[in-house]
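What's in input_34.txt: compact mmCIF, C-alpha atoms
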```
# COMPACT_ATOMS: atom_id res chain seq x y z
CA MET A 1 -0.44 -162.36 -36.84
CA LYS A 2 -4.17 -162.54 -37.60
CA ILE A 3 -7.18 -160.38 -38.41
CA LYS A 4 -9.09 -160.31 -35.13
CA SER A 5 -12.19 -158.33 -36.10
CA ILE A 6 -13.89 -156.53 -38.99
CA GLU A 7 -16.47 -153.89 -38.09
CA SER A 8 -18.55 -151.87 -40.54
CA PHE A 9 -20.22 -148.52 -39.90
CA ILE A 10 -22.80 -146.57 -41.86
CA ILE A 11 -22.25 -142.88 -41.20
CA THR A 12 -24.62 -140.10 -42.23
CA ASP A 13 -24.48 -136.32 -42.29
CA LYS A 14 -27.49 -134.26 -43.36
CA LEU A 15 -26.44 -131.37 -45.59
CA LYS A 16 -27.33 -127.82 -44.62
CA GLU A 17 -28.10 -127.08 -48.25
CA SER A 18 -28.82 -129.63 -50.98
CA PHE A 19 -26.96 -129.54 -54.28
CA TYR A 20 -27.32 -131.47 -57.50
CA PHE A 21 -25.60 -132.48 -60.71
CA SER A 22 -26.82 -133.81 -64.05
CA GLN A 23 -28.35 -136.94 -62.56
CA TRP A 24 -29.90 -136.22 -59.14
CA GLU A 25 -29.84 -134.21 -55.93
CA TYR A 26 -27.65 -134.71 -52.85
CA SER A 27 -29.31 -133.93 -49.52
CA GLU A 28 -26.99 -135.96 -47.29
CA ARG A 29 -23.64 -137.71 -47.14
CA ARG A 30 -23.97 -141.42 -46.41
CA ILE A 31 -20.88 -143.63 -46.44
CA CYS A 32 -19.87 -147.12 -45.30
CA ILE A 33 -16.50 -147.38 -43.60
CA VAL A 34 -14.75 -150.43 -42.18
CA LYS A 35 -12.42 -150.93 -39.23
CA ILE A 36 -10.07 -153.94 -39.22
CA THR A 37 -8.21 -154.87 -36.05
CA SER A 38 -5.33 -157.32 -35.80
CA ASP A 39 -4.51 -159.49 -32.81
CA SER A 40 -1.51 -157.20 -32.29
CA GLY A 41 -3.92 -154.34 -31.52
CA HIS A 42 -3.21 -152.37 -34.70
CA VAL A 43 -6.19 -150.85 -36.55
CA GLY A 44 -6.76 -150.05 -40.22
CA TRP A 45 -9.58 -148.01 -41.78
CA GLY A 46 -11.17 -148.25 -45.22
CA GLU A 47 -14.27 -147.05 -47.05
CA GLY A 48 -16.39 -148.09 -49.99
CA TYR A 49 -17.80 -145.87 -52.70
CA GLY A 50 -21.50 -146.38 -53.40
CA PRO A 51 -24.74 -147.14 -51.53
CA ALA A 52 -23.67 -147.54 -47.91
CA GLU A 53 -26.19 -150.17 -46.83
CA VAL A 54 -25.40 -152.43 -49.77
CA ILE A 55 -21.65 -152.09 -49.24
CA LYS A 56 -22.15 -152.95 -45.58
CA ALA A 57 -23.98 -156.13 -46.63
CA GLY A 58 -21.08 -156.96 -48.94
CA ILE A 59 -18.56 -156.53 -46.12
CA ASP A 60 -20.67 -158.80 -43.92
CA TYR A 61 -20.70 -161.39 -46.70
CA LEU A 62 -16.90 -161.29 -47.16
CA LYS A 63 -15.98 -161.14 -43.47
CA PRO A 64 -16.16 -164.88 -42.64
CA PHE A 65 -13.79 -165.75 -45.48
CA ILE A 66 -10.95 -163.54 -44.27
CA LEU A 67 -11.22 -163.40 -40.47
CA GLY A 68 -8.13 -165.05 -39.02
CA SER A 69 -6.02 -164.32 -42.11
CA ASN A 70 -2.61 -162.73 -41.90
CA PRO A 71 -3.30 -158.98 -42.53
CA LEU A 72 0.09 -158.53 -44.17
CA GLU A 73 -0.92 -160.83 -47.03
CA THR A 74 -2.99 -158.24 -48.86
CA GLU A 75 -2.80 -159.90 -52.30
CA THR A 76 -3.73 -163.31 -50.90
CA ILE A 77 -6.73 -161.85 -49.08
CA TRP A 78 -7.72 -159.88 -52.19
CA GLU A 79 -7.70 -163.04 -54.27
CA THR A 80 -9.87 -164.83 -51.70
CA MET A 81 -12.44 -162.03 -51.81
CA TYR A 82 -12.32 -161.86 -55.59
CA ARG A 83 -12.91 -165.59 -56.03
CA ARG A 84 -15.75 -165.54 -53.51
CA THR A 85 -17.57 -162.90 -55.56
CA LEU A 86 -16.54 -163.69 -59.14
CA ASP A 87 -19.53 -165.85 -60.07
CA PHE A 88 -22.09 -163.13 -59.35
CA ALA A 89 -20.31 -159.80 -58.89
CA ARG A 90 -17.64 -159.16 -61.49
CA ARG A 91 -18.77 -155.54 -61.47
CA GLY A 92 -20.56 -153.28 -59.03
CA ILE A 93 -21.25 -153.01 -55.38
CA LEU A 94 -19.57 -156.15 -54.05
CA VAL A 95 -16.35 -154.90 -55.61
CA SER A 96 -16.83 -151.72 -53.57
CA ALA A 97 -17.12 -153.85 -50.43
CA LEU A 98 -13.92 -155.67 -51.41
CA SER A 99 -12.31 -152.26 -52.00
CA ALA A 100 -13.21 -150.97 -48.55
CA ILE A 101 -11.62 -154.02 -46.91
CA ASP A 102 -8.53 -153.81 -49.11
CA VAL A 103 -7.93 -150.13 -48.30
CA ALA A 104 -8.28 -150.88 -44.58
CA LEU A 105 -5.77 -153.73 -44.89
CA TRP A 106 -3.18 -151.48 -46.52
CA ASP A 107 -3.65 -148.93 -43.75
CA LEU A 108 -3.32 -151.73 -41.19
CA LYS A 109 -0.25 -153.21 -42.86
CA GLY A 110 1.48 -149.86 -42.91
CA LYS A 111 0.86 -149.36 -39.21
CA ILE A 112 2.05 -152.87 -38.33
CA LEU A 113 5.26 -152.42 -40.34
CA GLU A 114 5.58 -148.74 -39.32
CA GLN A 115 5.80 -147.66 -42.95
CA PRO A 116 3.73 -145.25 -45.08
CA VAL A 117 1.58 -147.04 -47.63
CA TYR A 118 3.38 -145.42 -50.57
CA GLN A 119 6.53 -147.21 -49.41
CA LEU A 120 4.74 -150.56 -49.41
CA LEU A 121 3.37 -149.83 -52.89
CA GLY A 122 6.93 -149.48 -54.16
CA GLY A 123 8.16 -146.07 -53.06
CA LYS A 124 7.62 -142.34 -53.23
CA LYS A 125 8.03 -140.93 -56.75
CA ARG A 126 7.08 -137.34 -55.94
CA ASP A 127 6.88 -135.22 -52.81
CA THR A 128 3.90 -133.07 -53.79
CA ILE A 129 0.64 -133.53 -55.69
CA ILE A 130 -1.66 -130.89 -57.17
CA PRO A 131 -5.19 -131.07 -55.71
CA TYR A 132 -7.91 -129.93 -58.06
CA ALA A 133 -10.95 -128.49 -56.29
CA THR A 134 -14.10 -130.41 -57.15
CA GLY A 135 -17.14 -128.27 -56.59
CA MET A 136 -19.37 -125.98 -58.63
CA TYR A 137 -22.37 -128.26 -58.37
CA PHE A 138 -25.77 -126.80 -59.16
CA SER A 139 -27.80 -125.03 -56.52
CA THR A 140 -31.46 -125.88 -55.88
CA SER A 141 -32.28 -122.30 -54.93
CA VAL A 142 -31.80 -120.51 -58.27
CA ASN A 143 -32.64 -120.95 -61.93
CA SER A 144 -29.52 -119.32 -63.37
CA GLN A 145 -26.36 -120.99 -62.11
CA GLY A 146 -23.56 -119.13 -63.87
CA GLU A 147 -23.04 -116.27 -61.42
CA ILE A 148 -23.00 -118.59 -58.40
CA LEU A 149 -20.60 -121.02 -60.10
CA SER A 150 -18.24 -118.24 -61.11
CA ARG A 151 -18.19 -116.81 -57.57
CA GLU A 152 -17.38 -120.24 -56.17
CA ALA A 153 -14.63 -120.72 -58.74
CA LYS A 154 -13.13 -117.35 -57.82
CA GLU A 155 -13.09 -118.42 -54.15
CA TYR A 156 -11.06 -121.52 -55.05
CA ALA A 157 -8.68 -119.42 -57.10
CA ASP A 158 -8.22 -116.98 -54.21
CA LEU A 159 -7.40 -119.95 -51.93
CA GLY A 160 -4.53 -120.86 -54.22
CA TYR A 161 -5.92 -123.84 -56.14
CA LYS A 162 -4.13 -124.32 -59.44
CA ALA A 163 -6.90 -126.47 -60.95
CA MET A 164 -10.62 -127.03 -60.46
CA LYS A 165 -13.53 -128.98 -61.90
CA MET A 166 -17.07 -127.78 -62.53
CA LYS A 167 -20.28 -129.58 -63.37
CA VAL A 168 -22.01 -129.43 -66.74
CA GLY A 169 -25.06 -131.32 -67.97
CA LEU A 170 -27.89 -128.81 -67.65
CA GLY A 171 -28.12 -128.28 -71.39
CA ILE A 172 -25.57 -127.20 -73.97
CA GLU A 173 -26.48 -123.51 -74.13
CA GLU A 174 -26.48 -123.09 -70.35
CA ASP A 175 -23.32 -125.17 -69.96
CA VAL A 176 -21.42 -123.01 -72.44
CA ARG A 177 -22.52 -119.86 -70.65
CA ASN A 178 -21.49 -121.27 -67.26
CA VAL A 179 -18.08 -122.39 -68.54
CA ARG A 180 -17.47 -118.96 -70.07
CA LEU A 181 -18.35 -117.19 -66.80
CA VAL A 182 -16.13 -119.50 -64.73
CA ARG A 183 -13.18 -119.07 -67.09
CA GLU A 184 -13.59 -115.30 -66.98
CA ALA A 185 -13.67 -115.43 -63.17
CA ILE A 186 -10.50 -117.49 -62.72
CA GLY A 187 -8.40 -116.17 -65.59
CA PRO A 188 -6.27 -118.08 -68.09
CA ASP A 189 -3.66 -119.65 -65.80
CA ILE A 190 -5.79 -122.03 -63.70
CA LYS A 191 -6.61 -125.43 -65.18
CA LEU A 192 -10.36 -125.98 -65.65
CA MET A 193 -12.03 -129.35 -66.08
CA ILE A 194 -15.71 -130.08 -66.81
CA ASP A 195 -17.75 -133.12 -65.75
CA ALA A 196 -21.10 -134.09 -67.33
CA ASN A 197 -21.64 -137.27 -65.27
CA HIS A 198 -22.66 -139.03 -68.52
CA ALA A 199 -25.55 -136.63 -69.21
CA TYR A 200 -25.20 -136.41 -73.00
CA ASN A 201 -25.47 -138.53 -76.11
CA LEU A 202 -22.65 -138.49 -78.65
CA ARG A 203 -24.11 -135.74 -80.83
CA GLU A 204 -24.64 -133.45 -77.83
CA ALA A 205 -21.21 -134.20 -76.36
CA ILE A 206 -19.53 -133.26 -79.66
CA LEU A 207 -21.48 -130.00 -79.82
CA LEU A 208 -20.59 -129.08 -76.23
CA ALA A 209 -16.93 -130.02 -76.62
CA LYS A 210 -16.60 -127.89 -79.76
CA ALA A 211 -18.35 -124.97 -78.09
CA VAL A 212 -16.10 -124.90 -75.00
CA GLU A 213 -12.77 -125.58 -76.72
CA PRO A 214 -11.99 -121.82 -76.75
CA TYR A 215 -12.06 -121.82 -72.92
CA ASP A 216 -9.02 -124.09 -72.61
CA ILE A 217 -10.64 -127.11 -70.95
CA TYR A 218 -8.06 -129.44 -69.39
CA TRP A 219 -10.33 -132.47 -69.68
CA PHE A 220 -13.98 -133.37 -70.34
CA GLU A 221 -15.06 -136.00 -67.82
CA GLU A 222 -17.77 -138.61 -68.42
CA PRO A 223 -19.35 -136.80 -71.38
CA ILE A 224 -21.52 -139.80 -72.32
CA SER A 225 -22.69 -143.06 -70.80
CA PRO A 226 -19.86 -145.38 -69.69
CA GLU A 227 -21.53 -148.18 -71.65
CA TYR A 228 -20.69 -146.67 -75.06
CA TYR A 229 -16.98 -147.30 -75.56
CA SER A 230 -16.98 -146.76 -79.32
CA GLN A 231 -18.78 -143.43 -78.89
CA TYR A 232 -16.10 -142.29 -76.45
CA ALA A 233 -13.49 -143.14 -79.07
CA GLU A 234 -15.39 -141.22 -81.75
CA LEU A 235 -15.75 -138.19 -79.48
CA ARG A 236 -11.98 -138.22 -78.86
CA SER A 237 -11.41 -137.96 -82.60
CA LYS A 238 -13.65 -134.89 -82.89
CA THR A 239 -12.36 -132.61 -80.14
CA THR A 240 -9.03 -131.24 -78.97
CA ILE A 241 -10.15 -131.58 -75.33
CA PRO A 242 -8.77 -134.69 -73.57
CA ILE A 243 -11.50 -137.14 -72.58
CA ALA A 244 -11.55 -138.64 -69.07
CA GLY A 245 -13.57 -141.50 -67.60
CA GLY A 246 -13.50 -144.70 -65.63
CA GLU A 247 -15.11 -144.01 -62.27
CA CYS A 248 -17.85 -146.47 -63.27
CA GLU A 249 -15.39 -149.21 -64.24
CA TYR A 250 -14.54 -152.15 -62.00
CA LEU A 251 -11.36 -154.19 -61.74
CA ARG A 252 -8.53 -154.26 -64.26
CA PHE A 253 -10.75 -156.22 -66.64
CA GLY A 254 -13.17 -153.30 -66.98
CA PHE A 255 -10.28 -150.92 -67.56
CA GLN A 256 -8.84 -153.27 -70.16
CA THR A 257 -12.02 -152.78 -72.20
CA LEU A 258 -11.86 -149.01 -71.70
CA LEU A 259 -8.23 -148.86 -72.80
CA GLN A 260 -8.40 -151.32 -75.69
CA SER A 261 -11.30 -149.36 -77.19
CA LYS A 262 -9.18 -146.17 -77.07
CA SER A 263 -12.01 -144.45 -75.25
CA VAL A 264 -10.13 -142.03 -73.00
CA ASP A 265 -7.01 -139.94 -72.63
CA ILE A 266 -7.20 -140.15 -68.81
CA VAL A 267 -8.44 -143.10 -66.72
CA GLN A 268 -10.10 -142.37 -63.39
CA PRO A 269 -10.33 -145.47 -61.19
CA ASP A 270 -12.03 -144.92 -57.86
CA ILE A 271 -9.83 -146.81 -55.38
CA CYS A 272 -12.77 -147.34 -53.02
CA ALA A 273 -14.88 -148.95 -55.74
CA THR A 274 -12.68 -150.58 -58.38
CA GLY A 275 -10.82 -153.07 -56.20
CA GLY A 276 -8.90 -151.10 -53.59
CA LEU A 277 -5.23 -150.18 -53.68
CA THR A 278 -4.23 -153.71 -54.69
CA GLU A 279 -6.22 -153.52 -57.91
CA ALA A 280 -5.60 -149.80 -58.53
CA LYS A 281 -1.89 -150.60 -58.72
CA ARG A 282 -2.60 -153.18 -61.45
CA ILE A 283 -4.85 -150.72 -63.31
CA ALA A 284 -2.05 -148.16 -63.28
CA VAL A 285 0.33 -150.69 -64.84
CA LEU A 286 -2.27 -151.51 -67.48
CA ALA A 287 -2.74 -147.81 -68.25
CA SER A 288 1.02 -147.39 -68.64
CA VAL A 289 1.04 -150.14 -71.28
CA HIS A 290 -1.43 -148.03 -73.27
CA GLY A 291 0.34 -144.74 -72.53
CA VAL A 292 -2.73 -143.30 -70.80
CA GLU A 293 -2.64 -140.96 -67.79
CA VAL A 294 -4.15 -141.93 -64.42
CA VAL A 295 -6.01 -139.49 -62.15
CA PRO A 296 -8.13 -141.34 -59.57
CA HIS A 297 -11.72 -140.36 -58.91
CA THR A 298 -12.07 -139.52 -55.21
CA TRP A 299 -15.26 -138.91 -53.24
CA GLY A 300 -15.87 -139.51 -49.56
CA THR A 301 -13.96 -139.09 -46.32
CA GLY A 302 -10.33 -138.44 -45.51
CA ILE A 303 -9.78 -142.19 -45.79
CA ALA A 304 -10.46 -142.14 -49.53
CA ILE A 305 -8.45 -138.95 -50.01
CA SER A 306 -5.44 -140.41 -48.17
CA ALA A 307 -5.60 -143.66 -50.15
CA ALA A 308 -5.62 -141.68 -53.40
CA LEU A 309 -2.68 -139.53 -52.27
CA HIS A 310 -0.49 -142.56 -51.54
CA PHE A 311 -1.53 -144.13 -54.84
CA VAL A 312 -0.70 -141.02 -56.88
CA CYS A 313 2.55 -140.58 -54.97
CA ASN A 314 3.64 -143.99 -56.28
CA LEU A 315 2.51 -143.60 -59.93
CA ASP A 316 5.15 -143.88 -62.63
CA THR A 317 5.83 -140.92 -64.91
CA VAL A 318 4.92 -142.21 -68.38
CA PRO A 319 6.93 -141.48 -70.41
CA GLY A 320 9.91 -140.68 -68.21
CA ARG A 321 11.42 -137.23 -68.65
CA LEU A 322 13.87 -134.82 -67.09
CA LYS A 323 11.18 -132.36 -65.98
CA THR A 324 8.43 -134.30 -64.20
CA PRO A 325 4.89 -133.25 -65.11
CA GLN A 326 2.27 -132.34 -62.53
CA PHE A 327 0.25 -135.13 -60.97
CA PHE A 328 -3.31 -134.42 -59.84
CA ILE A 329 -5.72 -135.66 -57.19
CA GLU A 330 -9.41 -134.87 -56.91
CA TYR A 331 -10.16 -132.82 -53.79
CA ASP A 332 -13.90 -132.47 -53.14
CA ARG A 333 -14.78 -129.08 -51.63
CA THR A 334 -18.55 -129.45 -51.27
CA GLU A 335 -20.14 -129.65 -47.81
CA ASN A 336 -19.07 -132.85 -46.03
CA GLY A 337 -19.00 -133.06 -42.24
CA LEU A 338 -17.83 -136.67 -42.44
CA ARG A 339 -14.74 -135.71 -44.41
CA ASP A 340 -13.97 -132.79 -42.13
CA SER A 341 -14.51 -134.53 -38.78
CA LEU A 342 -13.40 -138.16 -39.02
CA THR A 343 -9.72 -137.74 -39.86
CA THR A 344 -6.84 -135.34 -39.39
CA SER A 345 -3.63 -135.45 -41.36
CA GLU A 346 -0.32 -133.71 -41.97
CA MET A 347 -1.23 -133.73 -45.66
CA VAL A 348 -2.48 -130.15 -45.90
CA ILE A 349 -2.66 -127.84 -48.91
CA ASP A 350 0.04 -125.18 -49.15
CA ASN A 351 0.51 -122.98 -52.20
CA GLY A 352 -1.86 -125.16 -54.22
CA GLU A 353 0.04 -128.39 -53.47
CA ILE A 354 -0.26 -131.27 -51.00
CA GLN A 355 2.84 -132.52 -49.23
CA ILE A 356 2.82 -136.30 -48.77
CA SER A 357 2.82 -137.56 -45.17
CA ASP A 358 5.50 -140.00 -44.03
CA CYS A 359 3.35 -141.28 -41.14
CA PRO A 360 2.69 -145.05 -41.01
CA GLY A 361 -0.27 -146.48 -42.90
CA LEU A 362 -2.39 -144.04 -44.85
CA GLY A 363 -1.07 -141.20 -42.72
CA PHE A 364 -4.16 -139.94 -40.91
CA GLU A 365 -5.41 -139.94 -37.33
CA PHE A 366 -8.93 -141.28 -36.95
CA ASN A 367 -11.39 -139.59 -34.59
CA GLU A 368 -13.59 -142.34 -33.15
CA ASP A 369 -15.57 -139.80 -31.12
CA ALA A 370 -16.67 -138.22 -34.39
CA LEU A 371 -17.48 -141.69 -35.74
CA TYR A 372 -19.97 -142.35 -32.97
CA LYS A 373 -21.48 -138.93 -33.48
CA TYR A 374 -22.50 -139.93 -37.00
CA ALA A 375 -23.18 -143.66 -36.53
CA GLN A 376 -23.51 -146.66 -34.30
CA PRO A 377 -21.30 -149.63 -35.18
CA VAL A 378 -22.83 -152.46 -37.17
CA LEU A 379 -21.08 -155.65 -36.10
```
Can the structure in the file be given as structure tokens, please?
Amino acid sequence: MKIKSIESFIITDKLKESFYFSQWEYSERRICIVKITSDSGHVGWGEGYGPAEVIKAGIDYLKPFILGSNPLETETIWETMYRRTLDFARRGILVSALSAIDVALWDLKGKILEQPVYQLLGGKKRDTIIPYATGMYFSTSVNSQGEILSREAKEYADLGYKAMKMKVGLGIEEDVRNVRLVREAIGPDIKLMIDANHAYNLREAILLAKAVEPYDIYWFEEPISPEYYSQYAELRSKTTIPIAGGECEYLRFGFQTLLQSKSVDIVQPDICATGGLTEAKRIAVLASVHGVEVVPHTWGTGIAISAALHFVCNLDTVPGRLKTPQFFIEYDRTENGLRDSLTTSEMVIDNGEIQISDCPGLGFEFNEDALYKYAQPVL
């Protein structure tokens, strides 16, 4: 069996209303996805997290080295791609291109073997996962955000979400006000996370963490720049709020630095950026050695969401216990026609939980008509 073709697509959806976070504004969704076809006629889909055009160039670079390979040999193909990029891309966008291909290969392998990906990763360790609603970005149409954020949070609560994450990073005083309003809107029983997208320096992050501790924050995500490992560790020592990070890390070697520096309580590898499912599995093992929780960062289409679901389904409970704790997955709720149109899946939310699909591969049906609505193939 051989890989017959690798096709990449840049897909774009213009947003009806722009939104922003601590760094910049989003006015469109633009994603690179990849389709891998075997000579048996089976198809696997993957996607990369990051600038779509650059990821597409990375896929084009890697394609000649793996065409004709056996698609079942995911680790062998991964190593080929890794060695072909090691000298000039140990971090960053070429790793995202590698990730897109790797995710597509796992989807393809599952379909060839007629097995769900979680089975190929080692087995299902839980039947349900708790999705936390990611939303509550900042609106471009108003100066005061708190009332809009709290209304959005209440909508998620009314839909049955048991956890949600809001953006901070506008300034400490405004952030504290917004967090207070959201907590008042959703009540005490729903888990609330905050995400600064590395907007603050250490002094500011300590001030904000102390100020929002009374609102029972489940974790504080990317409070400061991912470059400052020792500052992350110092922040951890000065707040009771768990610190999360890692979406800007690449490969197990980047996560080794994050973990050895005792920077975080929760690591957040993005499967579509940090090396695909092959490398995410290794990162999870590394995190278990350090006794650190894993909750993957997820942003994109149903491909990325499905990959994260299978990954979380297979995670070990560390430490083992009689009553298994909840496991979480990020579930972006902001406007995204690409996410809503490209894939359909049995993995739907019911009573604030997602039931894992037993369908082969990553468990979704891909709508190629929708694909051509948003893009033309780039061969």
Hey, could you make a per-residue contact list for region 5-66 of chain A against region 276-292 of chain A with 10 Å as the cut-off, showing the nearest pair of atoms and its distance in Å to one decimal, counting only C-alpha atoms, sorted by chain and number, as CSV?
```
residue,atom,partner,partner_atom,distance
A:Gly46,CA,A:Gly276,CA,9.1
A:Glu47,CA,A:Gly276,CA,9.4
A:Gly48,CA,A:Gly276,CA,8.8
```
Which of A:Asn351, A:Asn70, A:Ser306, A:Asn197 sits closest to Pro223 (chain A) [using only C-alpha atoms]: A:Asn197
Selection: 10 Å around region 254-265 of chain A, all atoms listed in the file, excl. self and same-chain fewer than 6 positions, as a PyMOL selection string: chain A and resi 90-91+219-222+226-237+241-248+274+283-284+286-287+289-294
Near-region 298-301 of chain A list (7 Å; all atoms listed in the file; drop same-chain fewer than 6 positions) as a list in words: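 Skipping anything fewer than 6 positions along the chain leaves Asp270, Glu330, Asp332, Leu338 and Arg339 of chain A.
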Nearest residue to Gly122 (chain A) from the set A:Leu371, A:Ile349, A:Ala185, A:Val312 (distances using only C-alpha atoms): A:Val312
Please report as JSON lines every residue of region 188-230 of chain A lying within 12 Å of region 127-137 of chain A, along with the nearest atom pair and their distance in Å (one decimal), using all atoms listed in the file.
```
{"residue": "A:Ile190", "atom": "CA", "partner": "A:Tyr132", "partner_atom": "CA", "distance": 9.9}
{"residue": "A:Lys191", "atom": "CA", "partner": "A:Tyr132", "partner_atom": "CA", "distance": 8.5}
{"residue": "A:Leu192", "atom": "CA", "partner": "A:Tyr132", "partner_atom": "CA", "distance": 8.9}
{"residue": "A:Met193", "atom": "CA", "partner": "A:Tyr132", "partner_atom": "CA", "distance": 9.0}
{"residue": "A:Ile194", "atom": "CA", "partner": "A:Thr134", "partner_atom": "CA", "distance": 9.8}
{"residue": "A:Asp195", "atom": "CA", "partner": "A:Thr134", "partner_atom": "CA", "distance": 9.7}
{"residue": "A:Ala196", "atom": "CA", "partner": "A:Tyr137", "partner_atom": "CA", "distance": 10.8}
{"residue": "A:Asn197", "atom": "CA", "partner": "A:Tyr137", "partner_atom": "CA", "distance": 11.4}
{"residue": "A:Tyr218", "atom": "CA", "partner": "A:Tyr132", "partner_atom": "CA", "distance": 11.3}
```
Interatomic distance, CA of His310 (chain A) to CA of Pro116 (chain A) (Å, one decimal):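 Going from CA of His310 (chain A) over to CA of Pro116 (chain A) covers 8.2 Å.
CA of Asp189 (chain A) is found 7.9 Å from CA of Lys162 (chain A).
A straight line drawn from CA of Thr74 (chain A) to CA of Lys111 (chain A) is 13.7 Å long.
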Using only C-alpha atoms: which of A:Leu315, A:Ala211, A:Val103, A:Leu120 has the shortest distance to Ile271 (chain A):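 That would be A:Val103, the residue with the smallest distance to Ile271 (chain A).
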Radius query 6 Å about (-6.2, -158.6, -46.5), atoms used: all atoms listed in the file, as a list in words: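 Residues lying no farther than 6 Å from the given point: Pro71, Glu73, Thr74, Ile77, Asp102 and Leu105 of chain A.
Proximity to Gln119 (chain A) was assessed for A:Cys313, A:Met81, A:Ala57, A:Ala308 counting only C-alpha atoms; the smallest distance is recorded for A:Cys313.
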May I have a table of the residues of region 98-205 of chain A lying at most 7 Å from region 18-29 of chain A, giving each one's closest pair of atoms and their distance in Å to one decimal, counting only C-alpha atoms, ordered by chain and ascending residue number, as JSON lines?
```
{"residue": "A:Tyr137", "atom": "CA", "partner": "A:Phe21", "partner_atom": "CA", "distance": 5.8}
{"residue": "A:Phe138", "atom": "CA", "partner": "A:Tyr20", "partner_atom": "CA", "distance": 5.2}
{"residue": "A:Ser139", "atom": "CA", "partner": "A:Phe19", "partner_atom": "CA", "distance": 5.1}
{"residue": "A:Thr140", "atom": "CA", "partner": "A:Phe19", "partner_atom": "CA", "distance": 6.0}
{"residue": "A:Lys167", "atom": "CA", "partner": "A:Phe21", "partner_atom": "CA", "distance": 6.6}
{"residue": "A:Gly169", "atom": "CA", "partner": "A:Ser22", "partner_atom": "CA", "distance": 5.0}
{"residue": "A:Leu170", "atom": "CA", "partner": "A:Ser22", "partner_atom": "CA", "distance": 6.3}
{"residue": "A:Ala196", "atom": "CA", "partner": "A:Ser22", "partner_atom": "CA", "distance": 6.6}
{"residue": "A:Asn197", "atom": "CA", "partner": "A:Ser22", "partner_atom": "CA", "distance": 6.3}
{"residue": "A:Ala199", "atom": "CA", "partner": "A:Ser22", "partner_atom": "CA", "distance": 6.0}
```
Option closest in space to Val95 (chain A), from A:Asp340, A:Glu174, A:Glu152, A:Glu79 [counting all atoms listed in the file]: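 Smallest distance to Val95 (chain A) is found for A:Glu79.
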Neighbour residues at most 12 Å from (-19.6, -159.5, -49.0) (only C-alpha atoms) as a PyMOL selection string: chain A and resi 6+8+48+53-66+80-86+88-89+92-101
Pull out region 230-254 of chain A, keep C-alpha atoms, and write it as a tab-separated table (two decimals), in the first residue's frame.
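result.tsv was written with the following content:
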```
chain	number	residue	atom	x	y	z
A	230	SER	CA	11.30	31.30	34.85
A	231	GLN	CA	8.64	34.02	35.09
A	232	TYR	CA	5.92	31.41	34.58
A	233	ALA	CA	7.42	29.43	37.44
A	234	GLU	CA	7.52	32.52	39.67
A	235	LEU	CA	3.90	33.36	38.84
A	236	ARG	CA	2.86	29.82	39.80
A	237	SER	CA	4.38	30.36	43.23
A	238	LYS	CA	2.38	33.55	43.80
A	239	THR	CA	-1.17	32.53	42.93
A	240	THR	CA	-3.57	29.74	43.82
A	241	ILE	CA	-4.87	29.71	40.22
A	242	PRO	CA	-3.40	26.88	38.08
A	243	ILE	CA	-1.28	28.19	35.21
A	244	ALA	CA	-1.74	26.79	31.69
A	245	GLY	CA	0.34	27.19	28.54
A	246	GLY	CA	2.05	25.46	25.67
A	247	GLU	CA	0.12	26.30	22.53
A	248	CYS	CA	3.25	28.11	21.30
A	249	GLU	CA	5.55	25.16	22.00
A	250	TYR	CA	6.75	22.75	19.32
A	251	LEU	CA	7.69	19.09	19.56
A	252	ARG	CA	8.44	17.17	22.74
A	253	PHE	CA	11.71	19.05	23.06
A	254	GLY	CA	9.91	22.37	23.53
```
